[in-house]
file upload_22.cif (mmCIF, C-alpha atoms and all ligand atoms)
data_input
loop_
_atom_site.group_PDB
_atom_site.id
_atom_site.type_symbol
_atom_site.label_atom_id
_atom_site.label_comp_id
_atom_site.auth_asym_id
_atom_site.auth_seq_id
_atom_site.Cartn_x
_atom_site.Cartn_y
_atom_site.Cartn_z
ATOM 1 C CA MET A 276 0.000 0.000 0.000
ATOM 2 C CA LYS A 277 1.257 3.485 -0.839
ATOM 3 C CA LEU A 278 0.365 6.700 0.986
ATOM 4 C CA THR A 279 1.118 9.986 -0.766
ATOM 5 C CA ILE A 280 0.914 13.270 1.103
ATOM 6 C CA LEU A 281 -0.915 15.883 -0.992
ATOM 7 C CA GLY A 282 -1.001 18.519 1.722
ATOM 8 C CA THR A 283 -0.895 18.934 5.472
ATOM 9 C CA ALA A 284 -1.538 22.610 6.253
ATOM 10 C CA THR A 285 -3.927 23.879 8.911
ATOM 11 C CA PRO A 286 -6.124 25.846 8.998
ATOM 12 C CA TYR A 287 -5.359 27.401 5.599
ATOM 13 C CA PRO A 288 -3.123 26.425 2.681
ATOM 14 C CA ARG A 289 0.399 27.838 2.371
ATOM 15 C CA PRO A 290 2.582 28.178 -0.717
ATOM 16 C CA ASP A 291 3.650 24.643 -1.667
ATOM 17 C CA ASN A 292 1.495 23.091 1.034
ATOM 18 C CA PRO A 293 -2.256 22.576 0.529
ATOM 19 C CA CYS A 294 -4.515 21.696 3.447
ATOM 20 C CA SER A 295 -5.178 18.080 4.474
ATOM 21 C CA GLY A 296 -5.301 15.590 1.631
ATOM 22 C CA TYR A 297 -3.803 12.187 0.964
ATOM 23 C CA LEU A 298 -3.803 9.556 -1.745
ATOM 24 C CA VAL A 299 -3.942 5.887 -0.740
ATOM 25 C CA GLN A 300 -3.179 3.288 -3.413
ATOM 26 C CA HIS A 301 -2.901 -0.464 -3.551
ATOM 27 C CA GLY A 302 -3.061 -2.640 -6.652
ATOM 28 C CA ASP A 303 -5.553 -0.992 -8.990
ATOM 29 C CA THR A 304 -7.343 0.887 -6.218
ATOM 30 C CA SER A 305 -6.901 4.593 -5.426
ATOM 31 C CA ILE A 306 -8.670 6.600 -2.743
ATOM 32 C CA TRP A 307 -8.430 10.343 -2.165
ATOM 33 C CA MET A 308 -8.566 10.761 1.586
ATOM 34 C CA ASP A 309 -9.658 14.295 2.567
ATOM 35 C CA ALA A 310 -10.031 16.998 -0.063
ATOM 36 C CA GLY A 311 -8.559 20.015 1.690
ATOM 37 C CA THR A 312 -7.982 23.273 -0.148
ATOM 38 C CA GLY A 313 -5.373 22.858 -2.883
ATOM 39 C CA THR A 314 -5.202 19.065 -2.841
ATOM 40 C CA LEU A 315 -7.117 18.543 -6.101
ATOM 41 C CA ALA A 316 -4.239 20.129 -8.033
ATOM 42 C CA GLU A 317 -1.657 17.990 -6.220
ATOM 43 C CA LEU A 318 -3.738 14.834 -6.708
ATOM 44 C CA GLN A 319 -3.368 15.198 -10.477
ATOM 45 C CA ARG A 320 0.405 14.805 -10.214
ATOM 46 C CA HIS A 321 -0.359 11.186 -9.318
ATOM 47 C CA ILE A 322 -3.683 10.199 -10.883
ATOM 48 C CA PRO A 323 -6.467 11.777 -12.974
ATOM 49 C CA LEU A 324 -9.507 12.581 -10.880
ATOM 50 C CA ASP A 325 -11.768 10.334 -12.951
ATOM 51 C CA ARG A 326 -9.524 7.319 -12.259
ATOM 52 C CA LEU A 327 -10.179 7.348 -8.513
ATOM 53 C CA ASP A 328 -12.187 4.547 -6.912
ATOM 54 C CA ALA A 329 -13.536 6.684 -4.062
ATOM 55 C CA ILE A 330 -13.176 9.885 -2.089
ATOM 56 C CA TRP A 331 -13.279 9.672 1.709
ATOM 57 C CA ILE A 332 -13.876 12.845 3.762
ATOM 58 C CA SER A 333 -13.186 12.818 7.514
ATOM 59 C CA HIS A 334 -15.336 15.843 8.382
ATOM 60 C CA ALA A 335 -16.854 18.945 6.849
ATOM 61 C CA HIS A 336 -14.295 21.559 7.903
ATOM 62 C CA ALA A 337 -13.152 23.395 4.762
ATOM 63 C CA ASP A 338 -9.502 22.454 5.238
ATOM 64 C CA HIS A 339 -10.578 18.822 4.663
ATOM 65 C CA SER A 340 -13.431 19.158 2.179
ATOM 66 C CA ALA A 341 -13.343 22.418 0.174
ATOM 67 C CA ASP A 342 -11.840 20.903 -2.971
ATOM 68 C CA LEU A 343 -14.931 18.722 -3.384
ATOM 69 C CA LEU A 344 -16.506 21.794 -4.958
ATOM 70 C CA THR A 345 -13.939 22.126 -7.732
ATOM 71 C CA ALA A 346 -13.821 18.331 -8.074
ATOM 72 C CA TYR A 347 -17.534 18.498 -8.861
ATOM 73 C CA TYR A 348 -16.908 21.101 -11.586
ATOM 74 C CA ALA A 349 -14.053 19.025 -12.974
ATOM 75 C CA LEU A 350 -16.171 15.884 -13.188
ATOM 76 C CA ARG A 351 -19.261 17.697 -14.461
ATOM 77 C CA PHE A 352 -17.965 20.250 -16.937
ATOM 78 C CA SER A 353 -14.523 19.192 -18.192
ATOM 79 C CA ASP A 354 -12.777 16.693 -20.426
ATOM 80 C CA LEU A 355 -12.818 14.149 -17.598
ATOM 81 C CA LYS A 356 -15.170 11.237 -18.142
ATOM 82 C CA LEU A 357 -16.710 9.205 -15.376
ATOM 83 C CA THR A 358 -18.078 5.799 -16.294
ATOM 84 C CA ARG A 359 -20.191 5.875 -13.143
ATOM 85 C CA PRO A 360 -20.742 8.279 -10.229
ATOM 86 C CA LEU A 361 -17.649 8.464 -8.045
ATOM 87 C CA PRO A 362 -18.263 7.002 -4.553
ATOM 88 C CA LEU A 363 -17.982 9.821 -2.008
ATOM 89 C CA ILE A 364 -17.973 8.740 1.643
ATOM 90 C CA GLY A 365 -18.304 11.545 4.160
ATOM 91 C CA PRO A 366 -19.824 12.773 7.418
ATOM 92 C CA PRO A 367 -23.556 13.196 8.026
ATOM 93 C CA GLY A 368 -24.885 16.280 6.252
ATOM 94 C CA LEU A 369 -22.277 16.260 3.476
ATOM 95 C CA ALA A 370 -24.864 15.894 0.689
ATOM 96 C CA ASP A 371 -26.834 18.912 1.967
ATOM 97 C CA ARG A 372 -23.638 20.908 2.332
ATOM 98 C CA LEU A 373 -22.712 20.259 -1.298
ATOM 99 C CA VAL A 374 -26.143 21.473 -2.397
ATOM 100 C CA GLY A 375 -25.718 24.540 -0.177
ATOM 101 C CA PHE A 376 -22.479 25.475 -1.901
ATOM 102 C CA LEU A 377 -23.311 24.405 -5.444
ATOM 103 C CA GLY A 378 -26.880 25.715 -5.446
ATOM 104 C CA HIS A 379 -30.239 23.998 -5.500
ATOM 105 C CA ARG A 380 -30.201 23.562 -9.269
ATOM 106 C CA ALA A 381 -27.206 21.251 -8.776
ATOM 107 C CA ALA A 382 -29.143 19.016 -6.382
ATOM 108 C CA ALA A 383 -30.593 16.851 -9.140
ATOM 109 C CA VAL A 384 -27.230 16.517 -10.902
ATOM 110 C CA ILE A 385 -24.924 15.808 -7.947
ATOM 111 C CA PRO A 386 -25.923 12.090 -7.886
ATOM 112 C CA GLU A 387 -24.655 11.787 -11.478
ATOM 113 C CA VAL A 388 -21.225 12.926 -10.278
ATOM 114 C CA PHE A 389 -20.953 11.638 -6.710
ATOM 115 C CA GLU A 390 -22.512 8.554 -5.170
ATOM 116 C CA VAL A 391 -22.686 10.029 -1.668
ATOM 117 C CA SER A 392 -22.691 7.761 1.410
ATOM 118 C CA GLU A 393 -22.827 9.422 4.807
ATOM 119 C CA MET A 394 -21.019 7.656 7.644
ATOM 120 C CA ARG A 395 -22.940 6.614 10.756
ATOM 121 C CA GLY A 396 -20.974 5.238 13.700
ATOM 122 C CA TRP A 397 -18.627 2.309 13.229
ATOM 123 C CA GLN A 398 -18.787 0.823 9.730
ATOM 124 C CA GLU A 399 -16.709 -1.115 7.229
ATOM 125 C CA ARG A 400 -16.697 -1.093 3.432
ATOM 126 C CA ASP A 401 -14.595 -2.709 0.732
ATOM 127 C CA ILE A 402 -13.400 -0.452 -2.076
ATOM 128 C CA GLY A 403 -11.545 -2.472 -4.720
ATOM 129 C CA ASP A 404 -8.425 -3.974 -3.148
ATOM 130 C CA LEU A 405 -8.837 -2.013 0.098
ATOM 131 C CA THR A 406 -10.983 -2.503 3.184
ATOM 132 C CA LEU A 407 -12.028 0.723 4.897
ATOM 133 C CA SER A 408 -13.215 0.875 8.509
ATOM 134 C CA TRP A 409 -14.175 4.106 10.215
ATOM 135 C CA GLY A 410 -15.463 5.335 13.521
ATOM 136 C CA PRO A 411 -16.426 8.599 15.241
ATOM 137 C CA MET A 412 -13.666 10.808 16.597
ATOM 138 C CA ASN A 413 -13.548 13.684 19.104
ATOM 139 C CA HIS A 414 -13.526 16.990 17.204
ATOM 140 C CA GLY A 415 -16.527 18.931 18.493
ATOM 141 C CA MET A 416 -18.516 18.071 15.338
ATOM 142 C CA PRO A 417 -19.248 14.892 13.377
ATOM 143 C CA ALA A 418 -15.755 13.656 12.463
ATOM 144 C CA PHE A 419 -14.350 10.248 11.614
ATOM 145 C CA GLY A 420 -11.037 8.428 11.628
ATOM 146 C CA LEU A 421 -10.175 5.768 9.069
ATOM 147 C CA ARG A 422 -8.426 2.411 9.061
ATOM 148 C CA VAL A 423 -7.349 1.157 5.635
ATOM 149 C CA GLN A 424 -6.317 -2.459 5.192
ATOM 150 C CA ALA A 425 -4.569 -4.023 2.226
ATOM 151 C CA GLY A 426 -4.104 -7.683 3.061
ATOM 152 C CA ALA A 427 -2.090 -7.749 6.282
ATOM 153 C CA ARG A 428 -0.951 -4.119 6.011
ATOM 154 C CA THR A 429 -2.760 -1.361 7.858
ATOM 155 C CA LEU A 430 -2.834 2.428 7.659
ATOM 156 C CA THR A 431 -4.786 4.478 10.184
ATOM 157 C CA TYR A 432 -5.636 8.153 9.674
ATOM 158 C CA SER A 433 -6.946 10.280 12.515
ATOM 159 C CA GLY A 434 -8.767 12.910 10.461
ATOM 160 C CA ASP A 435 -9.058 15.724 12.996
ATOM 161 C CA SER A 436 -9.486 14.529 16.562
ATOM 162 C CA ALA A 437 -8.384 15.052 20.107
ATOM 163 C CA TYR A 438 -7.118 11.968 21.924
ATOM 164 C CA CYS A 439 -9.930 9.412 22.197
ATOM 165 C CA GLU A 440 -10.247 5.686 22.785
ATOM 166 C CA GLY A 441 -11.888 5.263 19.397
ATOM 167 C CA LEU A 442 -8.737 6.451 17.679
ATOM 168 C CA VAL A 443 -6.599 4.079 19.733
ATOM 169 C CA GLU A 444 -8.913 1.249 18.677
ATOM 170 C CA LEU A 445 -8.771 2.288 15.028
ATOM 171 C CA ALA A 446 -4.962 2.379 15.165
ATOM 172 C CA GLU A 447 -4.512 -0.983 16.895
ATOM 173 C CA GLY A 448 -1.386 -2.633 15.512
ATOM 174 C CA ALA A 449 -1.277 -0.241 12.538
ATOM 175 C CA ASP A 450 1.831 -0.359 10.374
ATOM 176 C CA LEU A 451 1.544 3.401 9.995
ATOM 177 C CA LEU A 452 -0.514 5.853 12.024
ATOM 178 C CA LEU A 453 -1.003 9.182 10.243
ATOM 179 C CA CYS A 454 -2.081 11.384 13.118
ATOM 180 C CA GLU A 455 -2.859 15.049 13.259
ATOM 181 C CA ALA A 456 -1.008 17.298 15.704
ATOM 182 C CA GLY A 457 -3.190 20.328 15.196
ATOM 183 C CA ALA A 458 -2.760 21.663 18.723
ATOM 184 C CA SER A 459 0.375 22.861 20.403
ATOM 185 C CA GLU A 460 -1.396 22.791 23.741
ATOM 186 C CA HIS A 461 -4.893 22.033 24.951
ATOM 187 C CA PRO A 462 -7.278 24.998 25.169
ATOM 188 C CA PRO A 463 -9.084 25.427 28.508
ATOM 189 C CA ALA A 464 -12.477 24.861 26.835
ATOM 190 C CA GLY A 465 -11.643 21.282 25.846
ATOM 191 C CA ALA A 466 -9.454 19.655 23.252
ATOM 192 C CA VAL A 467 -10.538 19.088 19.649
ATOM 193 C CA HIS A 468 -7.058 18.356 18.266
ATOM 194 C CA CYS A 469 -4.089 16.234 19.299
ATOM 195 C CA THR A 470 -0.880 17.689 20.601
ATOM 196 C CA PRO A 471 2.323 15.910 19.504
ATOM 197 C CA GLU A 472 2.299 14.188 22.911
ATOM 198 C CA ASP A 473 -1.275 12.971 22.335
ATOM 199 C CA ALA A 474 -0.308 11.534 18.949
ATOM 200 C CA ALA A 475 2.600 9.688 20.558
ATOM 201 C CA ARG A 476 0.324 8.361 23.300
ATOM 202 C CA ILE A 477 -2.175 7.045 20.742
ATOM 203 C CA ALA A 478 0.595 5.342 18.740
ATOM 204 C CA ARG A 479 2.015 3.795 21.919
ATOM 205 C CA GLU A 480 -1.307 2.587 23.331
ATOM 206 C CA ALA A 481 -2.382 1.218 19.948
ATOM 207 C CA GLY A 482 0.877 -0.646 19.411
ATOM 208 C CA ALA A 483 1.368 1.121 16.068
ATOM 209 C CA LYS A 484 4.699 0.561 14.374
ATOM 210 C CA ARG A 485 5.273 3.998 12.908
ATOM 211 C CA LEU A 486 3.854 7.452 13.632
ATOM 212 C CA VAL A 487 3.649 10.170 10.985
ATOM 213 C CA LEU A 488 2.551 13.574 12.272
ATOM 214 C CA THR A 489 0.461 15.777 10.005
ATOM 215 C CA HIS A 490 -1.681 18.935 10.182
ATOM 216 C CA ILE A 491 0.826 20.355 12.669
ATOM 217 C CA ASP A 492 -0.089 23.635 14.331
ATOM 218 C CA LEU A 493 2.645 25.804 12.846
ATOM 219 C CA THR A 494 1.395 28.991 14.476
ATOM 220 C CA HIS A 495 2.782 27.763 17.773
ATOM 221 C CA SER A 496 5.449 25.220 16.923
ATOM 222 C CA ASP A 497 7.517 24.173 13.952
ATOM 223 C CA ALA A 498 7.576 20.639 12.578
ATOM 224 C CA PRO A 499 10.976 19.663 14.044
ATOM 225 C CA ASP A 500 9.758 20.800 17.445
ATOM 226 C CA ALA A 501 6.560 18.738 17.116
ATOM 227 C CA ARG A 502 8.632 15.678 16.137
ATOM 228 C CA THR A 503 10.935 16.141 19.126
ATOM 229 C CA ARG A 504 7.955 16.404 21.444
ATOM 230 C CA ALA A 505 6.355 13.232 20.035
ATOM 231 C CA LEU A 506 9.656 11.318 20.175
ATOM 232 C CA ALA A 507 9.572 11.696 23.960
ATOM 233 C CA GLY A 508 6.601 9.314 23.948
ATOM 234 C CA PHE A 509 7.088 7.094 20.885
ATOM 235 C CA ALA A 510 10.192 5.744 19.178
ATOM 236 C CA SER A 511 9.367 6.108 15.472
ATOM 237 C CA VAL A 512 8.109 9.567 14.504
ATOM 238 C CA GLU A 513 8.250 11.424 11.199
ATOM 239 C CA CYS A 514 6.508 14.564 9.939
ATOM 240 C CA ALA A 515 4.481 14.358 6.731
ATOM 241 C CA LEU A 516 5.797 16.566 3.930
ATOM 242 C CA PRO A 517 3.805 17.532 0.827
ATOM 243 C CA GLY A 518 4.707 15.265 -2.095
ATOM 244 C CA GLN A 519 6.213 12.630 0.150
ATOM 245 C CA SER A 520 5.199 8.967 -0.225
ATOM 246 C CA PHE A 521 5.248 6.151 2.289
ATOM 247 C CA THR A 522 5.215 2.457 1.464
ATOM 248 C CA ILE A 523 3.199 0.510 3.981
HETATM 249 ZN ZN ZN A 601 -11.334 20.048 11.681
HETATM 250 ZN ZN ZN A 602 -8.263 20.344 10.067
#
call {"tool": "encode", "arguments": {"input": "upload_22.cif", "output": "structure tokens", "more": "lines below"}}
Ligand SMILES: [Zn+2]
Ligand SMILES: [Zn+2]
result
Amino acid sequence: MKLTILGTATPYPRPDNPCSGYLVQHGDTSIWMDAGTGTLAELQRHIPLDRLDAIWISHAHADHSADLLTAYYALRFSDLKLTRPLPLIGPPGLADRLVGFLGHRAAAVIPEVFEVSEMRGWQERDIGDLTLSWGPMNHGMPAFGLRVQAGARTLTYSGDSAYCEGLVELAEGADLLLCEAGASEHPPAGAVHCTPEDAARIAREAGAKRLVLTHIDLTHSDAPDARTRALAGFASVECALPGQSFTI
């Protein structure tokens, strides 16, 4: 299985770094995991949009979903040719949100472009050569984490979430845990993101083999600092870089 980092930025894209977006590939199967601002352009360095098998969206924050809008235009009005609606798996309310942005006249056409499935609780679904399992996370809104299995190999992605037992469960024994570190410290009102220490704790408790930090809060810490902080609690830590690929 191959994981390609399309972008990691939070909460807005930076030059050369779109917001959250990743490409997961195994065999003939390709899944675009989170469509943050700027990731559609980066995706095309690796695969045409109409060759994807599915899009999976962790939650409706714009830094994880905004490029769905331009993906719709690309699939509806361009040279790209879908042979069938592209499966789009996302949080509850995603279909209504698309209509809200694209306008009510688009409502009847969206199903020709996206086959939308909204996630409810803990579920599993096979997409081509991959098995996807997801469950609710802790982000102050409907948000999901994802476990992707290709044979015996496992990738877990946190989406956006504070530390929670569900994420530990999703990451159990994962070969690679891609975990957000969107907080430098916990706000008094309650955490909705992981700190680097939280990410390390999740990797440790889950028995993951490798931790890759992403979505790092760069307003308060730089990536090397986040890695150093996580290394205090887990032995194998890297920071995701745009364009980088991992073999799992
Ligand atoms: Zn978020
Ligand atoms: Zn985010």
call {"tool": "closest_atom_pairs", "arguments": {"input": "upload_22.cif", "of": "chain A", "to": "ligand ZN 602 (chain A)", "cutoff": "10 Å", "atoms": "all atoms listed in the file", "output": "CSV"}}
result
residue,atom,partner,partner_atom,distance
A:Thr283,CA,A:ZN602,ZN,8.8
A:Ala284,CA,A:ZN602,ZN,8.1
A:Thr285,CA,A:ZN602,ZN,5.7
A:Pro286,CA,A:ZN602,ZN,6.0
A:Tyr287,CA,A:ZN602,ZN,8.8
A:Cys294,CA,A:ZN602,ZN,7.7
A:Ser295,CA,A:ZN602,ZN,6.8
A:Asp309,CA,A:ZN602,ZN,9.7
A:Gly311,CA,A:ZN602,ZN,8.4
A:Ser333,CA,A:ZN602,ZN,9.3
A:His334,CA,A:ZN602,ZN,8.6
A:Ala335,CA,A:ZN602,ZN,9.3
A:His336,CA,A:ZN602,ZN,6.5
A:Ala337,CA,A:ZN602,ZN,7.8
A:Asp338,CA,A:ZN602,ZN,5.4
A:His339,CA,A:ZN602,ZN,6.1
A:Ser340,CA,A:ZN602,ZN,9.5
A:His414,CA,A:ZN602,ZN,9.5
A:Gly434,CA,A:ZN602,ZN,7.5
A:Asp435,CA,A:ZN602,ZN,5.5
A:Ser436,CA,A:ZN602,ZN,8.8
A:Glu455,CA,A:ZN602,ZN,8.2
A:Ala456,CA,A:ZN602,ZN,9.7
A:Gly457,CA,A:ZN602,ZN,7.2
A:Val467,CA,A:ZN602,ZN,9.9
A:His468,CA,A:ZN602,ZN,8.5
A:Thr489,CA,A:ZN602,ZN,9.8
A:His490,CA,A:ZN602,ZN,6.7
A:Ile491,CA,A:ZN602,ZN,9.5
A:Asp492,CA,A:ZN602,ZN,9.8
call {"tool": "resolve_selection", "arguments": {"input": "upload_22.cif", "expression": "the PyMOL selection byres (((chain A and resi 382-390) around 7) and not hetatm)", "output": "MDAnalysis selection string"}}
result
chainID A and resid 347 350:351 360:363 374 379:381 391:392
call {"tool": "write_last_selection", "arguments": {"input": "upload_22.cif", "atoms": "C-alpha atoms", "output": "CSV table (one decimal), keeping the file's coordinate frame"}}
result
chain,number,residue,atom,x,y,z
A,347,TYR,CA,-17.5,18.5,-8.9
A,350,LEU,CA,-16.2,15.9,-13.2
A,351,ARG,CA,-19.3,17.7,-14.5
A,360,PRO,CA,-20.7,8.3,-10.2
A,361,LEU,CA,-17.6,8.5,-8.0
A,362,PRO,CA,-18.3,7.0,-4.6
A,363,LEU,CA,-18.0,9.8,-2.0
A,374,VAL,CA,-26.1,21.5,-2.4
A,379,HIS,CA,-30.2,24.0,-5.5
A,380,ARG,CA,-30.2,23.6,-9.3
A,381,ALA,CA,-27.2,21.3,-8.8
A,391,VAL,CA,-22.7,10.0,-1.7
A,392,SER,CA,-22.7,7.8,1.4
call {"tool": "axis_aligned_box", "arguments": {"input": "upload_22.cif", "around": "region 277-281 of chain A", "padding_each_side": "6 Å", "output": "JSON"}}
result
{"center_x": 0.2, "center_y": 9.7, "center_z": 0.1, "size_x": 14.2, "size_y": 24.4, "size_z": 14.1}
call {"tool": "atom_distance", "arguments": {"input": "upload_22.cif", "atom1": "CA of Cys439 (chain A)", "atom2": "CA of Leu516 (chain A)"}}
result
25.1 Å
call {"tool": "resolve_selection", "arguments": {"input": "upload_22.cif", "expression": "the PyMOL selection byres (((chain A and resi 321) around 10) and not hetatm)", "output": "MDAnalysis selection string"}}
result
chainID A and resid 279 281 298 316:320 322:324 518
call {"tool": "closest_residue", "arguments": {"input": "upload_22.cif", "among": "A:Val299, A:Leu377, A:Cys469, A:Leu343", "to": "ligand ZN 601 (chain A)", "atoms": "only C-alpha atoms and all ligand atoms"}}
result
A:Cys469
call {"tool": "closest_residue", "arguments": {"input": "upload_22.cif", "among": "A:Ile306, A:Leu452, A:Leu357, A:Leu493", "to": "Pro288 (chain A)", "atoms": "all atoms listed in the file"}}
result
A:Leu493
call {"tool": "residues_around", "arguments": {"input": "upload_22.cif", "residues": "Arg422 (chain A)", "least_positions_apart": "2", "cutoff": "8 Å", "atoms": "all atoms listed in the file", "output": "list of chain:residue names"}}
result
A:Leu407, A:Ser408, A:Trp409, A:Gly420, A:Gln424, A:Thr429, A:Leu430, A:Thr431, A:Tyr432, A:Leu445, A:Ala446
call {"tool": "residues_around", "arguments": {"input": "upload_22.cif", "residues": "His301 (chain A)", "least_positions_apart": "2", "cutoff": "8 Å", "atoms": "only C-alpha atoms", "output": "VMD selection string"}}
result
chain A and resid 276 to 277 299 303 to 305 404 to 405 425
call {"tool": "write_last_selection", "arguments": {"input": "upload_22.cif", "atoms": "C-alpha atoms", "output": "JSON list (two decimals), in the coordinates of the input"}}
result
[["chain", "number", "residue", "atom", "x", "y", "z"],
["A", 276, "MET", "CA", 0.00, 0.00, 0.00],
["A", 277, "LYS", "CA", 1.26, 3.48, -0.84],
["A", 299, "VAL", "CA", -3.94, 5.89, -0.74],
["A", 303, "ASP", "CA", -5.55, -0.99, -8.99],
["A", 304, "THR", "CA", -7.34, 0.89, -6.22],
["A", 305, "SER", "CA", -6.90, 4.59, -5.43],
["A", 404, "ASP", "CA", -8.43, -3.97, -3.15],
["A", 405, "LEU", "CA", -8.84, -2.01, 0.10],
["A", 425, "ALA", "CA", -4.57, -4.02, 2.23]]
call {"tool": "closest_residue", "arguments": {"input": "upload_22.cif", "among": "A:Gln398, A:Thr345, A:Ser433, A:Gln300", "to": "ligand ZN 601 (chain A)", "atoms": "all atoms listed in the file"}}
result
A:Ser433
call {"tool": "atom_distance", "arguments": {"input": "upload_22.cif", "atom1": "CA of Val487 (chain A)", "atom2": "CA of Pro517 (chain A)"}}
result
12.5 Å
